[in-house]
$ cat upload18.csv   # CSV, C-alpha atoms
chain,number,residue,atom,x,y,z
S,246,MET,CA,0.1,-16.8,-23.9
S,247,ASN,CA,2.6,-16.0,-21.1
S,248,ASP,CA,5.0,-18.4,-19.4
S,249,LEU,CA,4.1,-16.9,-16.0
S,250,ILE,CA,1.4,-14.8,-14.5
S,251,ILE,CA,2.1,-13.3,-11.1
S,252,ILE,CA,-0.9,-12.2,-9.0
S,253,GLY,CA,0.2,-9.3,-6.8
S,254,ALA,CA,3.0,-6.7,-7.1
S,255,GLY,CA,4.2,-6.7,-3.5
S,256,THR,CA,7.7,-7.6,-2.4
S,257,ALA,CA,7.2,-11.3,-3.2
S,258,GLY,CA,5.4,-10.8,-6.6
S,259,LEU,CA,8.0,-8.2,-7.9
S,260,THR,CA,10.9,-10.5,-6.8
S,261,SER,CA,9.2,-13.4,-8.6
S,262,ALA,CA,9.0,-11.1,-11.7
S,263,ILE,CA,12.7,-10.2,-11.5
S,264,TYR,CA,13.7,-13.9,-11.2
S,265,GLY,CA,11.2,-15.0,-13.8
S,266,VAL,CA,12.3,-12.5,-16.4
S,267,ARG,CA,15.9,-13.2,-15.7
S,268,ALA,CA,15.2,-16.9,-16.2
S,269,GLY,CA,14.0,-16.1,-19.7
S,270,LEU,CA,10.2,-16.4,-19.0
S,271,SER,CA,7.6,-14.0,-20.4
S,272,VAL,CA,6.1,-12.5,-17.3
S,273,LYS,CA,2.9,-10.6,-16.6
S,274,VAL,CA,2.2,-9.2,-13.2
S,275,ILE,CA,-1.5,-8.4,-12.3
S,276,GLU,CA,-2.0,-6.0,-9.5
S,277,LYS,CA,-5.4,-4.7,-8.2
S,278,ALA,CA,-4.4,-1.5,-6.6
S,279,PHE,CA,-0.7,-0.3,-6.2
S,280,TYR,CA,2.7,-2.0,-6.4
S,281,GLY,CA,4.7,-2.5,-3.3
S,282,GLY,CA,2.1,-4.0,-1.0
S,283,GLN,CA,2.4,-3.7,2.7
S,284,ILE,CA,6.0,-2.6,2.8
S,285,ILE,CA,5.1,0.9,1.7
S,286,SER,CA,3.6,1.6,5.1
S,287,THR,CA,7.0,1.0,6.8
S,288,VAL,CA,8.9,4.3,7.2
S,289,SER,CA,12.3,2.7,7.9
S,290,ILE,CA,13.2,-1.0,7.3
S,291,GLU,CA,15.7,-1.9,9.9
S,292,ASN,CA,16.1,-5.6,9.3
S,293,TYR,CA,16.7,-6.1,5.6
S,294,PRO,CA,20.2,-7.4,5.2
S,295,GLY,CA,22.6,-4.9,3.5
S,296,MET,CA,20.1,-2.0,3.5
S,297,PRO,CA,19.7,-0.8,7.0
S,298,GLY,CA,17.1,2.0,7.4
S,299,ILE,CA,15.8,2.0,3.8
S,300,ASN,CA,12.4,3.7,3.5
S,301,GLY,CA,9.6,1.2,2.7
S,302,ALA,CA,8.3,3.2,-0.3
S,303,ASP,CA,11.8,3.7,-1.6
S,304,PHE,CA,12.4,-0.1,-1.4
S,305,ALA,CA,9.1,-0.7,-3.3
S,306,VAL,CA,10.1,1.9,-6.0
S,307,ALA,CA,13.5,0.2,-6.4
S,308,LEU,CA,11.9,-3.2,-6.8
S,309,TYR,CA,9.4,-1.8,-9.2
S,310,ASN,CA,12.0,-0.1,-11.4
S,311,GLN,CA,14.2,-3.2,-11.3
S,312,ALA,CA,11.3,-5.5,-12.5
S,313,LYS,CA,10.1,-3.0,-15.1
S,314,SER,CA,13.5,-2.3,-16.6
S,315,LEU,CA,14.1,-6.0,-16.9
S,316,GLY,CA,10.9,-6.2,-19.0
S,317,ALA,CA,8.2,-7.4,-16.6
S,318,ASN,CA,4.8,-6.3,-17.8
S,319,ILE,CA,2.9,-4.9,-14.8
S,320,LEU,CA,-0.9,-4.5,-15.3
S,321,TYR,CA,-3.4,-2.8,-12.9
S,322,GLU,CA,-6.5,-4.9,-13.2
S,323,LYS,CA,-9.0,-6.4,-10.8
S,324,ILE,CA,-9.3,-10.2,-11.0
S,325,GLU,CA,-12.8,-11.5,-11.4
S,326,SER,CA,-12.1,-15.2,-11.6
S,327,ALA,CA,-9.3,-17.7,-12.0
S,328,THR,CA,-9.2,-21.2,-13.5
S,329,LEU,CA,-5.9,-22.6,-12.4
S,330,SER,CA,-6.2,-26.4,-12.9
S,331,GLY,CA,-5.0,-27.9,-16.2
S,332,ASP,CA,-2.0,-27.0,-18.4
S,333,ILE,CA,-3.3,-23.5,-19.3
S,334,LYS,CA,-4.2,-21.2,-16.5
S,335,LYS,CA,-6.9,-18.6,-17.2
S,336,ILE,CA,-7.3,-15.4,-15.3
S,337,VAL,CA,-10.3,-13.2,-16.0
S,338,THR,CA,-10.0,-9.5,-15.1
S,339,SER,CA,-12.0,-6.4,-15.6
S,340,ASN,CA,-10.1,-5.9,-18.8
S,341,GLY,CA,-10.2,-9.3,-20.4
S,342,VAL,CA,-8.7,-12.8,-20.2
S,343,HIS,CA,-5.0,-13.6,-19.5
S,344,GLN,CA,-3.5,-17.0,-20.0
S,345,ALA,CA,-0.3,-18.5,-18.8
S,346,LYS,CA,1.3,-21.9,-18.3
S,347,THR,CA,2.2,-21.1,-14.7
S,348,VAL,CA,0.9,-18.9,-12.0
S,349,ILE,CA,2.4,-17.5,-8.8
S,350,ILE,CA,-0.1,-16.4,-6.2
S,351,ALA,CA,1.5,-13.5,-4.3
S,352,THR,CA,-1.6,-11.7,-3.0
S,353,GLY,CA,-0.1,-10.9,0.4
S,354,ALA,CA,-2.3,-9.9,3.2
S,355,LYS,CA,-4.4,-6.9,4.1
S,356,PRO,CA,-4.9,-5.1,7.4
S,357,ARG,CA,-7.0,-6.9,10.0
S,358,ARG,CA,-10.0,-5.0,11.3
S,359,LEU,CA,-11.0,-4.6,15.0
S,360,GLY,CA,-14.5,-5.8,14.4
S,361,VAL,CA,-16.1,-3.4,17.0
S,362,PRO,CA,-19.1,-1.2,16.7
S,363,GLY,CA,-18.4,2.1,14.9
S,364,GLU,CA,-15.3,0.8,13.0
S,365,GLU,CA,-17.0,0.1,9.6
S,366,LYS,CA,-19.0,3.3,9.7
S,367,TRP,CA,-16.0,5.5,10.1
S,368,ILE,CA,-13.5,3.8,7.7
S,369,GLY,CA,-11.9,6.5,5.6
S,370,ARG,CA,-13.5,9.2,7.8
S,371,GLY,CA,-11.5,8.7,10.9
S,372,VAL,CA,-10.7,5.0,11.0
S,373,ALA,CA,-7.4,4.5,9.1
S,374,PHE,CA,-5.1,1.6,8.5
S,375,CYS,CA,-1.9,3.4,7.2
S,376,ALA,CA,-0.3,6.2,9.1
S,377,THR,CA,2.2,6.9,6.3
S,378,CYS,CA,-0.7,7.4,4.0
S,379,ASP,CA,-3.3,9.3,6.1
S,380,ALA,CA,-1.3,11.1,8.8
S,381,PRO,CA,-1.6,14.6,7.3
S,382,LEU,CA,-5.4,14.5,7.8
S,383,TYR,CA,-4.8,14.5,11.5
S,384,ARG,CA,-2.4,17.4,11.9
S,385,GLY,CA,-3.0,18.9,15.4
S,386,LYS,CA,-5.7,16.3,16.3
S,387,ASP,CA,-6.0,13.7,19.1
S,388,ILE,CA,-5.4,10.2,17.8
S,389,ALA,CA,-5.5,6.6,19.1
S,390,VAL,CA,-3.4,3.8,17.7
S,391,VAL,CA,-4.5,0.2,18.3
S,392,GLY,CA,-1.9,-2.5,18.4
S,393,GLY,CA,1.5,-3.2,19.8
S,394,GLY,CA,3.8,-4.5,17.0
S,395,ASN,CA,6.3,-2.7,14.8
S,396,VAL,CA,3.6,-1.2,12.6
S,397,ALA,CA,1.6,0.2,15.5
S,398,ILE,CA,4.6,1.7,17.3
S,399,GLY,CA,5.9,3.1,14.0
S,400,ASP,CA,2.5,4.7,13.4
S,401,ALA,CA,2.6,6.2,16.9
S,402,ILE,CA,6.0,7.8,16.1
S,403,ILE,CA,4.9,9.2,12.8
S,404,LEU,CA,1.7,10.6,14.3
S,405,SER,CA,3.4,12.1,17.3
S,406,GLU,CA,5.2,14.5,14.9
S,407,LEU,CA,1.9,15.8,13.5
S,408,CYS,CA,-0.8,15.2,16.1
S,409,ARG,CA,-1.5,16.9,19.4
S,410,THR,CA,-1.8,13.6,21.4
S,411,VAL,CA,-1.4,9.9,20.5
S,412,THR,CA,-2.8,7.2,22.7
S,413,VAL,CA,-1.6,3.7,22.0
S,414,ILE,CA,-4.0,1.0,23.1
S,415,HIS,CA,-2.7,-2.6,23.3
S,416,ARG,CA,-4.3,-5.8,24.5
S,417,PHE,CA,-1.2,-7.2,26.1
S,418,PRO,CA,1.0,-5.9,29.0
S,419,VAL,CA,4.1,-5.8,26.8
S,420,PHE,CA,4.7,-4.5,23.3
S,421,GLU,CA,5.9,-6.9,20.5
S,422,ALA,CA,7.6,-4.0,18.7
S,423,GLU,CA,11.4,-3.9,18.5
S,424,GLN,CA,13.0,-2.4,21.6
S,425,LEU,CA,14.7,0.6,19.8
S,426,GLN,CA,11.5,1.7,18.2
S,427,LEU,CA,9.6,1.3,21.4
S,428,GLU,CA,12.1,3.5,23.2
S,429,GLN,CA,11.7,6.2,20.5
S,430,ALA,CA,7.9,6.2,20.9
S,431,LYS,CA,8.2,6.3,24.7
S,432,SER,CA,10.5,9.3,24.5
S,433,LYS,CA,7.7,11.4,22.9
S,434,THR,CA,6.0,13.6,25.4
S,435,ASN,CA,2.6,13.5,23.6
S,436,VAL,CA,2.4,9.7,23.4
S,437,GLN,CA,0.6,7.8,26.1
S,438,PHE,CA,0.2,4.0,26.4
S,439,ILE,CA,-2.8,2.0,27.7
S,440,THR,CA,-2.0,-1.7,28.0
S,441,ASP,CA,-4.0,-4.9,28.8
S,442,SER,CA,-6.9,-3.2,27.2
S,443,VAL,CA,-9.2,-4.0,24.2
S,444,VAL,CA,-11.2,-1.5,22.2
S,445,ARG,CA,-15.0,-2.0,22.7
S,446,GLU,CA,-16.5,0.8,20.6
S,447,ILE,CA,-15.8,3.8,18.4
S,448,THR,CA,-18.5,6.5,18.8
S,449,GLY,CA,-19.4,9.9,17.4
S,450,ASP,CA,-22.1,11.9,15.8
S,451,LYS,CA,-20.9,13.7,12.6
S,452,LYS,CA,-17.3,12.6,13.3
S,453,ILE,CA,-15.5,10.3,15.6
S,454,GLU,CA,-15.6,11.7,19.1
S,455,GLU,CA,-14.6,8.9,21.5
S,456,ILE,CA,-13.0,5.5,21.7
S,457,THR,CA,-13.9,3.1,24.5
S,458,ALA,CA,-11.3,0.7,25.9
S,459,GLU,CA,-11.8,-2.0,28.5
S,460,ASN,CA,-9.0,-3.2,30.8
S,461,LYS,CA,-8.9,-7.0,30.6
S,462,LEU,CA,-7.6,-7.4,34.1
S,463,ASN,CA,-10.0,-5.3,36.1
S,464,GLY,CA,-12.8,-4.6,33.7
S,465,GLN,CA,-12.3,-0.8,34.0
S,466,ILE,CA,-13.7,1.2,31.1
S,467,THR,CA,-11.8,4.1,29.8
S,468,LYS,CA,-13.3,6.6,27.3
S,469,ILE,CA,-10.8,8.7,25.4
S,470,PRO,CA,-11.8,11.7,23.3
S,471,ILE,CA,-10.2,11.3,19.9
S,472,ASP,CA,-10.6,12.6,16.3
S,473,GLY,CA,-9.3,9.4,14.7
S,474,VAL,CA,-8.0,5.9,15.2
S,475,PHE,CA,-5.3,4.1,13.4
S,476,VAL,CA,-5.8,0.3,13.5
S,477,ALA,CA,-2.5,-1.7,13.3
S,478,ILE,CA,-3.3,-5.2,14.6
S,479,GLY,CA,-1.8,-7.3,11.9
S,480,SER,CA,-3.0,-8.6,8.6
S,481,GLU,CA,-5.0,-11.4,7.0
S,482,PRO,CA,-4.9,-12.9,3.5
S,483,ASP,CA,-7.6,-12.7,0.8
S,484,ASN,CA,-7.5,-15.8,-1.4
S,485,SER,CA,-11.2,-16.7,-1.5
S,486,MET,CA,-11.2,-16.4,-5.3
S,487,PHE,CA,-8.9,-19.4,-5.5
S,488,ALA,CA,-10.6,-21.5,-2.8
S,489,SER,CA,-12.3,-23.9,-5.2
S,490,GLU,CA,-9.1,-25.2,-6.6
S,491,ILE,CA,-6.2,-24.3,-4.3
S,492,HIS,CA,-6.0,-25.7,-0.8
S,493,LEU,CA,-6.1,-22.9,1.9
S,494,ASP,CA,-5.7,-23.2,5.6
S,495,GLU,CA,-8.4,-22.2,8.1
S,496,MET,CA,-7.1,-18.6,8.1
S,497,GLY,CA,-7.1,-18.4,4.3
S,498,TYR,CA,-3.4,-18.7,3.6
S,499,VAL,CA,-2.4,-20.8,0.6
S,500,ILE,CA,-1.0,-24.1,1.8
S,501,ALA,CA,2.5,-24.6,0.3
S,502,GLY,CA,5.9,-25.5,1.8
S,503,GLU,CA,9.2,-23.8,1.4
S,504,ASP,CA,9.3,-25.0,-2.3
S,505,CYS,CA,6.2,-22.7,-2.8
S,506,ARG,CA,4.3,-25.5,-4.6
S,507,THR,CA,0.5,-25.6,-4.1
S,508,ASN,CA,-1.7,-28.7,-4.6
S,509,VAL,CA,-2.2,-27.6,-8.3
S,510,PRO,CA,0.7,-28.4,-10.7
S,511,GLY,CA,2.1,-25.2,-12.1
S,512,VAL,CA,0.6,-23.0,-9.4
S,513,PHE,CA,2.9,-21.6,-6.7
S,514,ALA,CA,2.5,-19.3,-3.7
S,515,ALA,CA,5.0,-16.7,-2.6
S,516,GLY,CA,5.3,-14.2,0.3
S,517,ASP,CA,2.9,-13.4,3.2
S,518,THR,CA,0.0,-15.2,1.5
S,519,ARG,CA,1.7,-18.6,1.9
S,520,THR,CA,1.5,-20.7,5.1
S,521,LYS,CA,4.7,-20.0,6.9
S,522,LYS,CA,6.0,-19.1,10.3
S,523,ILE,CA,8.0,-16.0,9.7
S,524,ARG,CA,6.5,-13.2,7.6
S,525,GLN,CA,9.3,-10.8,6.8
S,526,ILE,CA,10.5,-8.9,3.7
S,527,VAL,CA,13.5,-11.2,3.5
S,528,THR,CA,11.2,-14.3,3.5
S,529,ALA,CA,9.0,-12.7,0.9
S,530,THR,CA,12.0,-12.0,-1.4
S,531,ALA,CA,13.2,-15.6,-0.8
S,532,ASP,CA,9.8,-17.0,-1.9
S,533,GLY,CA,9.9,-14.7,-4.9
S,534,SER,CA,13.1,-16.3,-6.1
S,535,VAL,CA,12.1,-19.9,-5.2
S,536,SER,CA,8.7,-19.7,-6.8
S,537,ALA,CA,9.9,-18.2,-10.1
S,538,LEU,CA,12.7,-20.8,-10.4
S,539,ALA,CA,10.2,-23.5,-9.6
S,540,ALA,CA,7.9,-22.2,-12.3
S,541,LYS,CA,10.9,-22.3,-14.7
S,542,GLU,CA,11.7,-25.8,-13.7
S,543,TYR,CA,8.0,-26.9,-14.2
S,544,LEU,CA,8.0,-25.4,-17.7
S,545,SER,CA,11.2,-27.2,-18.7
S,546,ILE,CA,10.0,-30.6,-17.8
V,108,MET,CA,10.7,25.5,-10.5
V,109,SER,CA,11.9,27.5,-7.5
V,110,ASN,CA,9.8,30.0,-5.6
V,111,LEU,CA,6.4,28.6,-6.6
V,112,THR,CA,3.8,31.1,-5.5
V,113,LYS,CA,0.0,31.3,-6.0
V,114,GLU,CA,0.5,33.8,-8.8
V,115,ASN,CA,3.1,32.0,-10.8
V,116,PHE,CA,1.3,28.7,-10.3
V,117,GLU,CA,-1.9,30.1,-11.7
V,118,ASN,CA,0.1,31.6,-14.6
V,119,MET,CA,1.7,28.2,-15.2
V,120,ILE,CA,-1.6,26.3,-15.5
V,121,SER,CA,-3.4,29.1,-17.4
V,122,ASN,CA,-2.9,27.7,-20.8
V,123,GLY,CA,-2.7,24.2,-22.2
V,124,MET,CA,-2.9,21.1,-20.2
V,125,SER,CA,-1.1,20.6,-16.9
V,126,LEU,CA,-0.8,17.6,-14.6
V,127,VAL,CA,-0.2,18.7,-11.0
V,128,ASP,CA,1.1,16.2,-8.4
V,129,PHE,CA,0.6,17.3,-4.8
V,130,TRP,CA,3.1,15.4,-2.7
V,131,ALA,CA,5.2,15.3,0.4
V,132,GLU,CA,8.6,13.9,1.3
V,133,TRP,CA,7.3,11.6,4.0
V,134,CYS,CA,4.3,10.2,1.9
V,135,GLY,CA,4.9,6.6,0.8
V,136,TYR,CA,2.4,6.6,-2.1
V,137,CYS,CA,3.9,9.8,-3.3
V,138,ARG,CA,7.3,8.3,-3.6
V,139,MET,CA,5.8,5.3,-5.4
V,140,LEU,CA,4.1,7.6,-7.8
V,141,THR,CA,7.4,9.3,-8.7
V,142,PRO,CA,8.6,6.7,-11.3
V,143,VAL,CA,5.1,6.8,-12.9
V,144,ILE,CA,5.2,10.6,-13.1
V,145,GLU,CA,8.7,10.5,-14.5
V,146,GLU,CA,7.5,7.9,-17.1
V,147,PHE,CA,4.5,10.2,-17.9
V,148,GLN,CA,6.8,13.2,-18.2
V,149,SER,CA,9.2,11.4,-20.6
V,150,LYS,CA,6.2,10.2,-22.8
V,151,HIS,CA,4.0,13.3,-22.7
V,152,GLY,CA,6.2,16.1,-21.3
V,153,GLY,CA,6.1,17.7,-24.8
V,154,GLU,CA,2.4,18.4,-24.8
V,155,ILE,CA,1.5,18.4,-21.1
V,156,LYS,CA,3.1,20.4,-18.3
V,157,VAL,CA,4.0,18.2,-15.3
V,158,ILE,CA,4.2,20.2,-12.1
V,159,LYS,CA,5.1,18.8,-8.7
V,160,ILE,CA,3.9,20.7,-5.6
V,161,ASN,CA,5.4,19.8,-2.2
V,162,VAL,CA,2.5,20.4,0.2
V,163,ASP,CA,4.8,20.9,3.2
V,164,SER,CA,6.6,23.9,1.6
V,165,GLU,CA,3.5,25.1,-0.3
V,166,ARG,CA,0.8,24.8,2.3
V,167,GLU,CA,-1.2,27.8,0.9
V,168,LEU,CA,-1.5,26.2,-2.5
V,169,ALA,CA,-2.4,22.9,-1.1
V,170,GLY,CA,-5.1,24.6,1.0
V,171,LEU,CA,-6.3,26.7,-1.9
V,172,TYR,CA,-6.9,23.6,-4.0
V,173,GLY,CA,-8.5,21.6,-1.2
V,174,VAL,CA,-5.8,18.9,-1.0
V,175,ASN,CA,-6.3,16.9,2.2
V,176,THR,CA,-5.0,13.5,1.1
V,177,LEU,CA,-1.7,12.5,-0.6
V,178,PRO,CA,-0.9,12.1,-3.3
V,179,THR,CA,-3.5,14.2,-5.1
V,180,LEU,CA,-3.3,14.5,-8.9
V,181,VAL,CA,-5.1,17.4,-10.6
V,182,VAL,CA,-5.4,18.0,-14.3
V,183,PHE,CA,-6.0,21.6,-15.4
V,184,LYS,CA,-6.9,22.7,-18.9
V,185,ASP,CA,-6.5,26.4,-19.6
V,186,GLY,CA,-6.6,27.1,-15.9
V,187,GLU,CA,-9.8,25.0,-15.3
V,188,GLU,CA,-9.6,21.9,-13.2
V,189,ILE,CA,-11.0,19.0,-15.3
V,190,ASP,CA,-10.0,15.9,-13.3
V,191,ARG,CA,-8.7,14.9,-9.9
V,192,LYS,CA,-7.6,11.6,-8.4
V,193,MET,CA,-6.3,10.7,-5.0
V,194,GLY,CA,-3.8,7.9,-4.2
V,195,PHE,CA,-1.4,5.9,-6.3
V,196,GLN,CA,-2.4,5.7,-10.0
V,197,PRO,CA,-0.8,3.7,-12.8
V,198,ILE,CA,0.3,5.6,-16.0
V,199,GLU,CA,-2.7,4.4,-17.9
V,200,VAL,CA,-4.9,6.3,-15.5
V,201,LEU,CA,-2.8,9.5,-15.9
V,202,GLU,CA,-3.1,9.2,-19.6
V,203,GLU,CA,-6.8,8.7,-19.3
V,204,MET,CA,-7.1,11.8,-17.1
V,205,THR,CA,-5.2,14.0,-19.5
V,206,ASP,CA,-6.8,12.5,-22.7
V,207,ARG,CA,-10.4,13.2,-21.7
V,208,PRO,CA,-11.0,16.6,-23.4
V,209,GLU,CA,-9.7,15.3,-26.8
V,210,ARG,CA,-11.7,12.1,-26.5
V,211,ASN,CA,-14.9,14.0,-25.8
V,212,ALA,CA,-14.2,16.6,-28.5
$ encode --input "upload18.csv" --output "C-alpha cells"
Amino acid sequence: MNDLIIIGAGTAGLTSAIYGVRAGLSVKVIEKAFYGGQIISTVSIENYPGMPGINGADFAVALYNQAKSLGANILYEKIESATLSGDIKKIVTSNGVHQAKTVIIATGAKPRRLGVPGEEKWIGRGVAFCATCDAPLYRGKDIAVVGGGNVAIGDAIILSELCRTVTVIHRFPVFEAEQLQLEQAKSKTNVQFITDSVVREITGDKKIEEITAENKLNGQITKIPIDGVFVAIGSEPDNSMFASEIHLDEMGYVIAGEDCRTNVPGVFAAGDTRTKKIRQIVTATADGSVSALAAKEYLSI
Amino acid sequence: MSNLTKENFENMISNGMSLVDFWAEWCGYCRMLTPVIEEFQSKHGGEIKVIKINVDSERELAGLYGVNTLPTLVVFKDGEEIDRKMGFQPIEVLEEMTDRPERNA
C-alpha cells in the first residue's frame, strides 16, 4: 500500500513526486509511455523563471533524475481501470493492481487532431505531431506545419533547418506565438506563411502528396504539394477512464480549483489536465507542489 | 570511442551482447533515454557492451542499419541483430531486450 499514486510522469506528476517524497510519503508514479510529457517537444523553454533557454528534454531529464534520486518509484504501465472512491484507491494496470490512500491525476493532455480526411490514414507515415521527434524523417522534403502558437512556430524553425520548404498554415490572420520566435521563423528563406486558412484535406496515393487549404475570407482553395504535415493545433485531455467517479468539464478536464482537490476525497488533479486558465510549465510545477502537500494534509487528518 | 567506422563498429559488436543506441543531439527522446542508458550501463555494463552512435556524425552507419527514427535501440548478439525498438524505453524494456537469448535457451 502506497501513501500516494501519481498518474502521469509529466512536469506536474514528477513535481508531485518530488514534493510527495520530500514530505515523507511513499510514492509510486504510473506512466503509460515516457516521462516528461509535452515539455519534451519544446526545444528551448524561454519562460521558466531562472532557467532561460533550457531545452525541454533536458528539463524533463533533470526532473526525472531529481524525482528518482529522492526515491520515487516510476513504473511504465498502462492503466486499465481505476476505482478512486473510498479510503483505498485501486488502480489496475496491465501488470497488476496498485493501491494507495491518495491519488494525483496528472495525465496532462495530448495533441489535438485536425479531423480532416486523410489525417487518420497517414498518421505515422507523413502526419506527425512532434517535430523534435520526427523531423529527421523529412530531411530535404517539403513540409506543412498547421497551427500558429509557440509549438507550431517552433516546429517550423526546427523543420526549416532540415527540410527543403516549410509552409505554415494558420486559421487566423495573426500568430499567437511569441514575437521573438515568430521573427526567427520569418527570417528563414524557406518558410512561407498562409494565414486565414483552414486545412480541408490531406491526399496522396502511396504517400502524402498534397494538402488542401481553404481561405476563410474569400473561399479560395490552395493545393500545396508536400511530403508530410506536422499538426500543432493545441492539445486535449484524456480522462475518460475516471469519468464515472471524477467530475470532468465538457472538454474532459478534471474539475478542481487552485487547491487541486477533485470531488472525491483523497483524489487531486495537477497540471494541464486540471480545469485552469493558464497552462504553462510554471503552473504545472505549482500544481505538483500544491497537490502533493494537499495529499500529505489529507493523510494526516 | 573516437573514430567510429563501419569496420571497427562491426568488430565491436562481433562477439558477445551489445546494446546500440542510435541518437542525435537535437532529439528530445534521445536525451530522455540518456539517464536510462546510463543506469543500464552501470547495472549491466560488465556483461553487455553499451554503444552510442550519433547519427549526425555517423550517417553511413545509421543508413547501413536502416535507422530512420530516433532514438533507435538495437541489440546485437555475436554480430547478429536480435532485437530493435524505436522511441523512449524504460530500463525494464532494455533488460528484456538483452535477456531474450538466455531466457529462450
$ atom_distance --input "upload18.csv" --atom1 "atom CA of Gly394 of chain S" --atom2 "atom CA of Glu406 of chain S"
19.2 Å
$ residues_near_point --input "upload18.csv" --point "(-6.1, 5.2, 13.3)" --cutoff "12 Å" --atoms "all atoms listed in the file" --output "PyMOL selection string"
chain S and resi 356+358-359+364+367-380+382-383+386-392+396-398+400-401+403-404+408+411-414+447+453+456+471-478
$ closest_atom_pairs --input "upload18.csv" --of "chain S" --to "chain V" --cutoff "10 Å" --atoms "only C-alpha atoms" --output "tab-separated table"
residue	atom	partner	partner_atom	distance
S:Ala278	CA	V:Phe195	CA	8.0
S:Phe279	CA	V:Phe195	CA	6.2
S:Tyr280	CA	V:Met139	CA	8.0
S:Gly281	CA	V:Met139	CA	8.2
S:Ile284	CA	V:Gly135	CA	9.5
S:Ile285	CA	V:Gly135	CA	5.8
S:Ser286	CA	V:Gly135	CA	6.7
S:Thr287	CA	V:Gly135	CA	8.5
S:Val288	CA	V:Gly135	CA	7.9
S:Asn300	CA	V:Gly135	CA	8.5
S:Gly301	CA	V:Gly135	CA	7.4
S:Ala302	CA	V:Gly135	CA	4.9
S:Asp303	CA	V:Arg138	CA	6.7
S:Phe304	CA	V:Met139	CA	9.4
S:Ala305	CA	V:Met139	CA	7.2
S:Val306	CA	V:Met139	CA	5.5
S:Ala307	CA	V:Met139	CA	9.3
S:Tyr309	CA	V:Pro142	CA	8.8
S:Asn310	CA	V:Pro142	CA	7.6
S:Ile319	CA	V:Pro197	CA	9.6
S:Leu320	CA	V:Pro197	CA	8.6
S:Tyr321	CA	V:Pro197	CA	7.0
S:Cys375	CA	V:Gly135	CA	9.9
S:Ala376	CA	V:Cys134	CA	9.4
S:Thr377	CA	V:Cys134	CA	5.9
S:Cys378	CA	V:Cys134	CA	6.1
S:Asp379	CA	V:Thr176	CA	6.7
S:Ala380	CA	V:Thr176	CA	8.9
S:Pro381	CA	V:Thr176	CA	7.2
S:Leu382	CA	V:Asn175	CA	6.2
S:Tyr383	CA	V:Asn175	CA	9.7
S:Ile403	CA	V:Trp133	CA	9.4
$ residues_around --input "upload18.csv" --residues "Arg166 of chain V" --least-positions-apart "4" --cutoff "12 Å" --atoms "only C-alpha atoms" --output "number ranges by chain"
S: 381; V: 111-113, 129-131, 160-162, 170-175
$ residues_around --input "upload18.csv" --residues "segment 335-338 of chain S" --least-positions-apart "6" --cutoff "7 Å" --atoms "all atoms listed in the file" --output "list in words"
Glu322, Lys323, Ile324, Glu325, Ser326, Ala327, Thr328, Leu329, Gln344 and Ala345 of chain S
$ residues_near_point --input "upload18.csv" --point "(4.3, -16.3, -18.5)" --cutoff "8 Å" --atoms "all atoms listed in the file" --output "MDAnalysis selection string"
chainID S and resid 246:250 270:273 344:348
$ closest_residue --input "upload18.csv" --among "S:Val436, S:Val419, S:Ile333, S:Ile469" --to "Val509 of chain S" --atoms "all atoms listed in the file"
S:Ile333
$ atom_distance --input "upload18.csv" --atom1 "atom CA of Asn340 of chain S" --atom2 "atom CA of Leu201 of chain V"
17.3 Å
$ residues_around --input "upload18.csv" --residues "Gly253 of chain S" --least-positions-apart "5" --cutoff "7 Å" --atoms "all atoms listed in the file" --output "compact mmCIF listing (two decimals) with C-alpha atoms, in the coordinates of the input"
# COMPACT_ATOMS: atom_id res chain seq x y z
CA GLY S 258 5.40 -10.80 -6.60
CA VAL S 274 2.20 -9.20 -13.20
CA ILE S 275 -1.50 -8.40 -12.30
CA GLU S 276 -2.00 -6.00 -9.50
CA ALA S 351 1.50 -13.50 -4.30
CA THR S 352 -1.60 -11.70 -3.00
$ atom_distance --input "upload18.csv" --atom1 "atom CA of Tyr543 of chain S" --atom2 "atom CA of Ala529 of chain S"
20.8 Å
$ closest_residue --input "upload18.csv" --among "S:Asn435, S:Lys461, S:Thr530, S:Leu308" --to "Pro418 of chain S" --atoms "only C-alpha atoms"
S:Lys461
$ build_atoms --input "upload18.csv" --residues "segment 128-136 of chain V" --atoms "N, CA and C atoms" --output "CSV table (one decimal), in the frame of the given file"
chain,number,residue,atom,x,y,z
V,128,ASP,N,0.9,17.3,-9.4
V,128,ASP,CA,1.1,16.2,-8.4
V,128,ASP,C,1.4,16.9,-7.1
V,129,PHE,N,0.4,16.8,-6.2
V,129,PHE,CA,0.6,17.3,-4.8
V,129,PHE,C,1.2,16.2,-4.0
V,130,TRP,N,2.4,16.4,-3.4
V,130,TRP,CA,3.1,15.4,-2.7
V,130,TRP,C,3.8,15.9,-1.5
V,131,ALA,N,4.3,14.9,-0.7
V,131,ALA,CA,5.2,15.3,0.4
V,131,ALA,C,6.3,14.3,0.6
V,132,GLU,N,7.4,14.7,1.1
V,132,GLU,CA,8.6,13.9,1.3
V,132,GLU,C,8.3,12.6,2.0
V,133,TRP,N,7.5,12.7,3.1
V,133,TRP,CA,7.3,11.6,4.0
V,133,TRP,C,6.1,10.6,3.5
V,134,CYS,N,5.5,11.0,2.4
V,134,CYS,CA,4.3,10.2,1.9
V,134,CYS,C,4.7,9.0,1.0
V,135,GLY,N,4.5,7.8,1.5
V,135,GLY,CA,4.9,6.6,0.8
V,135,GLY,C,4.3,6.5,-0.6
V,136,TYR,N,3.0,6.7,-0.7
V,136,TYR,CA,2.4,6.6,-2.1
V,136,TYR,C,2.9,7.6,-3.0
